[in-house]
Structure formats: structure tokens, C-alpha cells
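Okay, so here's the structure we're looking at.
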Protein chains: 2
Amino acid sequence: MSRVVRVAAAQLGPVQREHSRADVVDRLGALLRAAHADGAQLVAFPELALTTFFPRWWYDDGDSALDEWYEREMPGPDTKPLFDEAARLGVGFVLGYAELADGGRRFNTAVLVGPDGTEVGRYRKIHLPGHDEHEPWRRFQHLEKRYFEVGDRGFPTFDAFGGTVGMLICNDRRWPEAYRVLGLQGVELVCIGYNTPVHNPPAPEHDEHGDFHNHLVMQAGAYQNGTFVVGVAKAGEEEGVPMIGGTCIIHPSGRILAEVAGLGDELAVADCDLDDCTSYKTTVFDLRRHRVPSQYRALVDE
Amino acid sequence: MSRVVRVAAAQLGPVQREHSRADVVDRLGALLRAAHADGAQLVAFPELALTTFFPRWWYDDGDSALDEWYEREMPGPDTKPLFDEAARLGVGFVLGYAELADGGRRFNTAVLVGPDGTEVGRYRKIHLPGHDEHEPWRRFQHLEKRYFEVGDRGFPTFDAFGGTVGMLICNDRRWPEAYRVLGLQGVELVCIGYNTPVHNPPAPEHDEHGDFHNHLVMQAGAYQNGTFVVGVAKAGEEEGVPMIGGTCIIHPSGRILAEVAGLGDELAVADCDLDDCTSYKTTVFDLRRHRVPSQYRALVDE
């Protein structure tokens with residue numbers, strides 16, 4: 001039985017502060033329909049797709065304006081139309097959003113939704129970048145360490161789309177540990193949404209390498225674990241802050257199969273034959289055969 | 001005080017079966033002198049540099065012909081001239097060789113030698129690729145799992161050349177765990193020698209990607225740990241088996257600073273400012289600040 005999954009990486013152009021959830025869901029719906037028309041079975045949307053990247057602003061403790069960026073339910077009133085449209089078309093998707101969970105816990109989350117429009121599972125971001133105090137010297141803030149808790153569900157995989165699917169979010173993709181924990185579970189397709197400013201205030205000397213680093217880490221993660229990787233940007237200039245694009249679909253060889261051309265609402269589409277993972281997982285990256293965990297103790301030292 | 005180290009990656013062309021240690025040491029000496037003339041302070045030679053890549057052949061247990069590929073002392077009579085020449089020039093080097101240690105233990109080893117010609121430390125390869133039984137269907141064997149033990153010294157780093165230096169060997173470079181254990185010790189320069197056949201008998205579909213994979217894993221390892229990486233091939237056709245080249249020096253940005261052009265005895269030389277590691281180690285790859293070891297337990301499960 002064929003295990004070819006046609007995947008669309010659905011890049012979003014910028015979402016400005018004045019754009020409502022309904023505005024964005026309209027754009028997501030248009031991308032979903034275009035992907036379906038191209039035969040896609042799974043559509044991957046970026047991190048924090050429903051709003052502008054709000055961790056760029058400081059909010060005082062208790063400022064209820066912060067809460068407005070979070071979703072209390074998924075789907076909720078604004079997002080239900082997207083779930084309904086996906087179910088009508090029979091297309092699954094991955095969607096990143098800010099989650100306000102029980103007990104007021106806040107996570108940077110991605111949900112995997114099956115072609116019937118029901119949730120398959122979710123992932124809560126573990127590698128939170130940035131800082132947790134106000135740093136006014138920055139041209140813009142990056143307060144993920146303040147506005148989110150570290151994810152509390154590990155790096156789960158899910159049986160879906162005929163294979164083993166995982167999710168990572170933005171900064172997670174720079175950490176080989178994250179791919180490896182998925183790889184040890186046999187992951188075959190990793191969907192990764194991101195919002196990555198071109199400018200890194202503490203290290204502006206990295207700015208010229210942003211696109212290169214983005215692809216480098218995802219290509220290495222794909223190859224070193226024998227998995228497809230789908231990287232999806234929210235791109236372009238949001239609220240005066242330029243963000244990289246580079247949305248792409250990567251083969252287990254590490255080669256880029258499809259890539260967008262620009263920084264707007266765009267699709268990259270590729271047929272992902274999940275059986276292509278096998279030749280990596282059973283040879284050079286046969287993890288059980290070739291890894292030497294006894295030598296890796298330092299990796300888990302706190 | 002400047003921490004710029006001028007490094008030469010000294011690629012070796014093929015070493016055939018009939019070439020003696022003395023032949024090879026002559027070639028290493030010529031590369032050493034050329035590197036010194038170009039101002040190099042450290043010269044990195046490849047894995048198993050002193051002989052042809054002998055794990056491509058099967059030897060029955062107890063066949064003393066196998067023993068002839070190993071060094072019983074380092075330096076020994078054949079290699080002493082290289083140590084002497086390096087000390088005379090005041091150049092350090094890294095040299096890979098097959099080590100027959102006390103008790104008949106066999107390791108795939110690299111030694112780091114200081115500019116005074118004395119040993120700084122050694123590393124014994126941990127990720128042994130290939131197989132441990134005769135597989136006659138292969139065009140050539142890859143019997144590292146038979147002819148070597150897993151290294152017993154972990155992934156050490158050494159204070160040398162004004163910085164923190166580590167070594168990896170060949171297949172180690174494909175494993176992010178190896179770089180990370182070095183990265184957690186603050187490594188700033190990783191020297192990696194390799195012998196990599198173009199053709200992978202169990203997965204010939206990877207052959208076309210060999211050069212790409214070689215650079216991909218080393219560039220990712222450099223960037224993700226904020227370290228220079230020096231990758232050095234034994235290249236070209238040995239005993240009918242073509243091997244990749246791609247010898248290069250990689251910046252902590254992941255960018256390739258210098259690369260050889262061909263498959264012969266050749267140098268790639270670059271000034272490595274070890275202080276360039278800082279902007280990675282203190283920001284995006286501040287390992288203590290951003291890693292989440294509690295989520296990595298699966299990495300050390302046996």
C-alpha cells in the first residue's frame with residue numbers, strides 16, 4: 001500500500017496587530033482550499049498563526065490585554081470555520097496558536113487535525129527562546145520565556161496519515177535533541193512552524209545567516225533521523241519587524257523538495273513517500289544499532 | 001590577547017596497500033611543511049592516515065596480517081620523524097591511526113600533538129559504522145565494528161592552542177550527540193578525520209548525496225554548538241574504492257571558510273578566531289540557558 005502523502009507547507013505573510021482572527025482564518029481557508037485543489041492531504045500552517053507575533057511587546061503582569069492573544073479553546077468560535085472547511089474537504093492540518101489552558105497555564109502550541117476535522121493530538125513548545133524580563137534596549141522584545149511555560153507533554157508522535165507524525169515549533173528546530181527524541185519514536189514526518197525575525201538583537205552578526213541557519217538545522221534534523229521535515233514560516237514584515245520566509249519540504253536525504261519563492265501567503269507542495277525514510281532508518285541512521293547511549297550521559301545532566 | 005589559530009586541514013589523497021608507513025609519513029611531512037610555510041599553527045590529518053583503509057577487507061580471526069595495520073606505539077619508529085619535524089617547526093597536529101593498545105585492545109584513534117611535539121591527548125572513536133561479520137555480497141567490506149572496540153575515553157576536550165579542542169572520527173560526525181557532548185564542555189575547535197567511500201553498499205541510493213551529507217552534518221554540528229569544525233578526508237580511489245573529499249574548515253556560523261578543490265594531497269587553510277564562538281555560545285546556543293535536559297531522557301535509554 002502506498003504511503004505517499006501529499007503535503008502543503010502553507011506559509012503566511014505578515015499578520016498585523018489590527019487583523020482579527022476572522023481575517024486570518026479567511027486567509028488560512030484560502031490556503032487550505034488551494035492546497036486541496038492541488039491534491040494535498042495535509043496542510044501545515046506556521047507557529048502562532050492566528051495573530052501577529054505578540055511576544056515582541058512587553059505587557060505588565062496582570063495586563064489583561066496579553067490574554068487576548070491566547071485561545072481558550074480549540075476550535076473556538078473564530079477557528080471552528082477552519083476545522084469545518086478542512087473536514088468538508090477531507091484535508092488534515094497543523095496549526096500553531098497561543099494556548100491558555102486549564103489553570104491559566106500558557107503554552108505555545110500546535111494542534112494536529114485529521115482529515116475528519118477532529119484533533120489527533122497537540123504539542124506544546126519546549127525550547128522557548130528569548131528572555132523573561134523587559135529589555136528596553138532591544139528594537140523589539142522576544143518574551144517567549146515570560147509568556148509561555150515549557151511544554152509539559154514531551155515530544156509526542158502520532159499515528160496519522162499512514163505514518164508517524166511529530167511536531168516542533170520554531171526554536172525547537174535548532175536543537176538536535178528535539179528531532180532525536182522524535183526519531184527514537186520512528187517519526188517519519190515532522191511539521192515545524194516558525195516566526196523568525198531577520199534581526200537578532202543580542203547577536204546582529206547572525207542576521208545575514210538567518211535563511212541559511214533555518215534550512216541547515218531542518219535539513220540536518222531530517223537526514224540524521226531519516227524523516228521528512230516540513231518547515232513553515234510566518235514571513236514578511238509584521239509591525240515593522242521583518243521575518244524570514246524559506247518555507248520548505250525536506251526529504252529524509254536532507255534535500256529540499258519544494259520551497260516557496262517569496263514572503264507572502266504561499267504554498268510549497270510535495271509528495272512525501274514515507275517509505276523513503278526506510279533506507280536511512282535501516283542503514284546509516286539505524287539508531288538502535290549505531291547509537292552509543294552510554295556515552296551520552298552528559299546530555300541529560302541538569 | 002588574540003585567539004586566532006591558523007589551521008590547515010591536510011587532506012590526503014589515496015594510500016594504496018603497497019605504500020609503506022614511511023611513504024605516507026613523507027607525504028604528511030610535506031603537507032606539514034607546506035602548512036607551516038603558510039603560517040599554520042595546527043595541521044589536521046585524516047582518520048587512519050598511515051595506511052590504506054584496511055576495514056574494507058575480511059581477515060579470519062587470528063590472521064596476523066590484520067595486526068600489521070595497527071600501531072603499537074605512538075610515536076613509533078615510522079611516525080617519530082613526523083613528531084620530530086612538527087616539533088622542529090613548532091606546529092601541532094592531529095593524526096588518525098589504528099591503535100593496538102595494552103591487552104590487545106584495538107581502537108580507531110586520533111592523537112592531538114602540541115607544537116612541542118608531545119602528545120596533548122587522544123580520542124578513541126565511539127561511533128563505529130559498518131558491520132562485524134563477513135558480508136561477501138558487498139563490493140567491499142566495512143568491518144569497523146569487528147576490527148575496533150568502541151572508544152573507552154568518552155568525548156574528551158583539551159586545553160590547547162589557546163582554546164578548547166576536541167576530536168571526532170569519521171562516522172562520529174553524523175551524530176549530533178557527539179558534537180553536543182563536546183559542546184557542553186565548551187569546545188571551540190573540533191578536528192574530524194574521515195575515510196568515506198562514495199558508494200554505500202546497503203544504500204546505494206545515498207551515493208549521490210555523499211558530499212552534501214558530509215558538509216551538512218559538520219556545518220550543523222558547528223553552528224549548533226558554536227564551534228569551529230575542521231573536516232579532513234582521505235580522498236580519491238584507494239584499491240578500487242572511490243572516497244569523497246570535501247576537506248574544509250567551518251566557522252561557528254556553519255559557513256565554510258576554506259575548502260580543497262580536489263581529491264589529492266591538498267591543504268585548506270583558515271584563520272580561526274576562537275572568540276567568534278562566543279556570539280553563538282552566549283545567545284542562541286547558550287546551552288545552559290536554553291536546553292531542557294529533563295525532556296531528553298530518551299536520548300540515554302539503552
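By order in the C-alpha cells, chains are A, B, ...; within a chain, residues start at 1; ligands start at 1, following the order shown.
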
* Asked: Mind checking DSSP for stretch 39-192 of chain A and telling me the strand (DSSP E or B) residues as number ranges by chain?
  -> A: 42-44, 71, 92-100, 106-113, 119-124, 157-160, 163-169, 189-192

* Compile the contact shell of A:Gly104 as a PyMOL selection string: residues with an atom at most 12 Å away, counting only C-alpha atoms, same-chain residues fewer than 3 positions apart removed. => chain A and resi 62+67+70-72+99-101+107+147-149

* To do: May I ask you to extract the residues of chain B within 8 Å of chain A, using only C-alpha atoms, and to give them as a ChimeraX atom specification?
  => /B:126-129,154-155,174-178,180-181,184,202-203,206,209,213,216-217,219-220,224,253-254,279,283-284,290-302

Next, the residues of the selection above should be written as an mmCIF file, in the first residue's frame with C-alpha atoms.
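Saved file result.cif follows:
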```
data_model
loop_
_atom_site.group_PDB
_atom_site.id
_atom_site.type_symbol
_atom_site.label_atom_id
_atom_site.label_comp_id
_atom_site.auth_asym_id
_atom_site.auth_seq_id
_atom_site.Cartn_x
_atom_site.Cartn_y
_atom_site.Cartn_z
ATOM 1 C CA ILE B 126 32.898 5.821 19.552
ATOM 2 C CA HIS B 127 30.520 5.560 16.585
ATOM 3 C CA LEU B 128 31.817 2.584 14.656
ATOM 4 C CA PRO B 129 29.972 2.150 11.361
ATOM 5 C CA GLY B 154 34.284 9.380 26.152
ATOM 6 C CA PHE B 155 34.450 12.585 24.131
ATOM 7 C CA ARG B 174 26.969 12.248 11.593
ATOM 8 C CA TRP B 175 25.786 12.051 15.222
ATOM 9 C CA PRO B 176 24.674 15.295 16.863
ATOM 10 C CA GLU B 177 25.129 13.657 20.257
ATOM 11 C CA ALA B 178 28.888 13.603 19.696
ATOM 12 C CA ARG B 180 26.875 18.112 21.867
ATOM 13 C CA VAL B 181 28.899 16.223 24.447
ATOM 14 C CA LEU B 184 28.727 21.015 26.765
ATOM 15 C CA PRO B 202 23.477 -1.222 1.786
ATOM 16 C CA ALA B 203 22.041 2.064 0.477
ATOM 17 C CA HIS B 206 22.555 7.688 -0.848
ATOM 18 C CA HIS B 209 24.341 12.789 -1.705
ATOM 19 C CA HIS B 213 25.773 14.892 3.727
ATOM 20 C CA LEU B 216 25.607 19.163 6.161
ATOM 21 C CA VAL B 217 26.400 17.272 9.358
ATOM 22 C CA GLN B 219 28.059 22.566 9.364
ATOM 23 C CA ALA B 220 25.124 21.760 11.636
ATOM 24 C CA GLN B 224 24.537 24.136 16.912
ATOM 25 C CA SER B 253 28.193 30.273 11.906
ATOM 26 C CA GLY B 254 28.166 27.000 9.977
ATOM 27 C CA SER B 279 28.424 35.133 19.965
ATOM 28 C CA THR B 283 22.989 33.707 22.638
ATOM 29 C CA VAL B 284 21.049 31.210 20.534
ATOM 30 C CA HIS B 290 18.070 27.158 26.550
ATOM 31 C CA ARG B 291 18.430 23.385 26.684
ATOM 32 C CA VAL B 292 15.771 21.373 28.537
ATOM 33 C CA PRO B 293 17.576 18.195 29.673
ATOM 34 C CA SER B 294 14.553 16.917 31.607
ATOM 35 C CA GLN B 295 12.899 16.362 28.227
ATOM 36 C CA TYR B 296 15.855 14.458 26.765
ATOM 37 C CA ARG B 297 15.724 11.299 28.907
ATOM 38 C CA ALA B 298 15.045 9.104 25.890
ATOM 39 C CA LEU B 299 18.451 10.037 24.486
ATOM 40 C CA VAL B 300 20.235 7.902 27.070
ATOM 41 C CA ASP B 301 17.898 4.906 27.160
ATOM 42 C CA GLU B 302 19.850 1.776 26.284
#
```

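Remark: for A:Arg105, the closest of the candidate residues A:Ala258, A:Arg124, A:Trp137, A:Ala49 is A:Arg124 (distances computed over only C-alpha atoms).
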
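The interatomic distance for the pair atom CA of A:Gly117 and atom CA of A:Gly76 works out to 13.2 Å.
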
* **Contacts of stretch 259-274 of chain B within 6 Å, only C-alpha atoms, excl. fewer than 3 positions in-chain, as a VMD selection string** => chain B and resid 3 to 13 235 to 236 245 247 to 248 277

Keeping C-alpha atoms, export the residues of the selection given above as a PDB file, in the first residue's frame.
```
ATOM      1  CA  ARG B   3      42.878  33.781  19.992  1.00  0.00           C
ATOM      2  CA  VAL B   4      43.301  33.417  16.236  1.00  0.00           C
ATOM      3  CA  VAL B   5      44.622  29.979  15.332  1.00  0.00           C
ATOM      4  CA  ARG B   6      45.690  29.414  11.779  1.00  0.00           C
ATOM      5  CA  VAL B   7      44.580  25.884  10.971  1.00  0.00           C
ATOM      6  CA  ALA B   8      45.421  23.710   7.992  1.00  0.00           C
ATOM      7  CA  ALA B   9      43.144  20.828   7.063  1.00  0.00           C
ATOM      8  CA  ALA B  10      45.562  18.457   5.360  1.00  0.00           C
ATOM      9  CA  GLN B  11      43.686  16.184   3.016  1.00  0.00           C
ATOM     10  CA  LEU B  12      45.452  13.029   1.910  1.00  0.00           C
ATOM     11  CA  GLY B  13      44.919  11.509  -1.482  1.00  0.00           C
ATOM     12  CA  ALA B 235      40.136  11.013  -0.540  1.00  0.00           C
ATOM     13  CA  GLY B 236      40.296   9.550  -4.002  1.00  0.00           C
ATOM     14  CA  GLY B 245      36.971  14.620  -0.481  1.00  0.00           C
ATOM     15  CA  THR B 247      38.032  18.688   3.271  1.00  0.00           C
ATOM     16  CA  CYS B 248      37.054  22.015   4.796  1.00  0.00           C
ATOM     17  CA  CYS B 277      32.436  31.118  19.123  1.00  0.00           C
TER      18      CYS B 277
END
```

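Computed from the coordinates, the atom CA of B:Pro252 to atom CA of B:Asp159 distance equals 18.4 Å.
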
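Within 7 Å of B:Val229, once only C-alpha atoms are used and residues closer than 5 positions along the same chain are dropped, the contacting residues are Leu189, Val190, Cys191, Met218, Ala222, Ile249, Ile250 and His251 of chain B.
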
* To do: Could you check how far atom CA of B:Asp63 sits from atom CA of B:His142, in Å to one decimal?
  => 17.4 Å

* Asked: stretch 92-169 of chain A: which residues are alpha helix (DSSP H) by DSSP, as a list in words?
  -> Glu144, Lys145, Arg146 and Tyr147 of chain A

* Asked: Which polymer residues have any atom within 12 Å of an atom of A:Val15, counting only C-alpha atoms, with same-chain residues fewer than 2 positions away left out, as a VMD selection string?
  -> chain A and resid 11 to 13 17 to 25 27 to 28 46 to 54 195 233 to 243 263 to 265

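Using only C-alpha atoms, the nearest neighbour of A:Gln41 within the list A:Val165, A:Leu66, A:Val91, A:Cys170 is A:Val91.
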
* To do: Give me the residues within 6 Å of B:Leu95 as a list in words, counting only C-alpha atoms and dropping any in the same chain fewer than 2 places off.
  => Phe45, Ala110 and Val111 of chain B

Give me a file of those residues, with C-alpha atoms, as a PDB file, in the first residue's frame.
```pdb
ATOM      1  CA  PHE B  45      45.328  14.938   9.156  1.00  0.00           C
ATOM      2  CA  ALA B 110      43.257  10.243  16.839  1.00  0.00           C
ATOM      3  CA  VAL B 111      46.105  11.879  18.720  1.00  0.00           C
TER       4      VAL B 111
END
```

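For the residues B:Gly121, B:Gly193, B:Gly162, B:Pro81, ranking by smallest atom-to-atom distance to B:Gly96 using only C-alpha atoms places B:Gly193 first.
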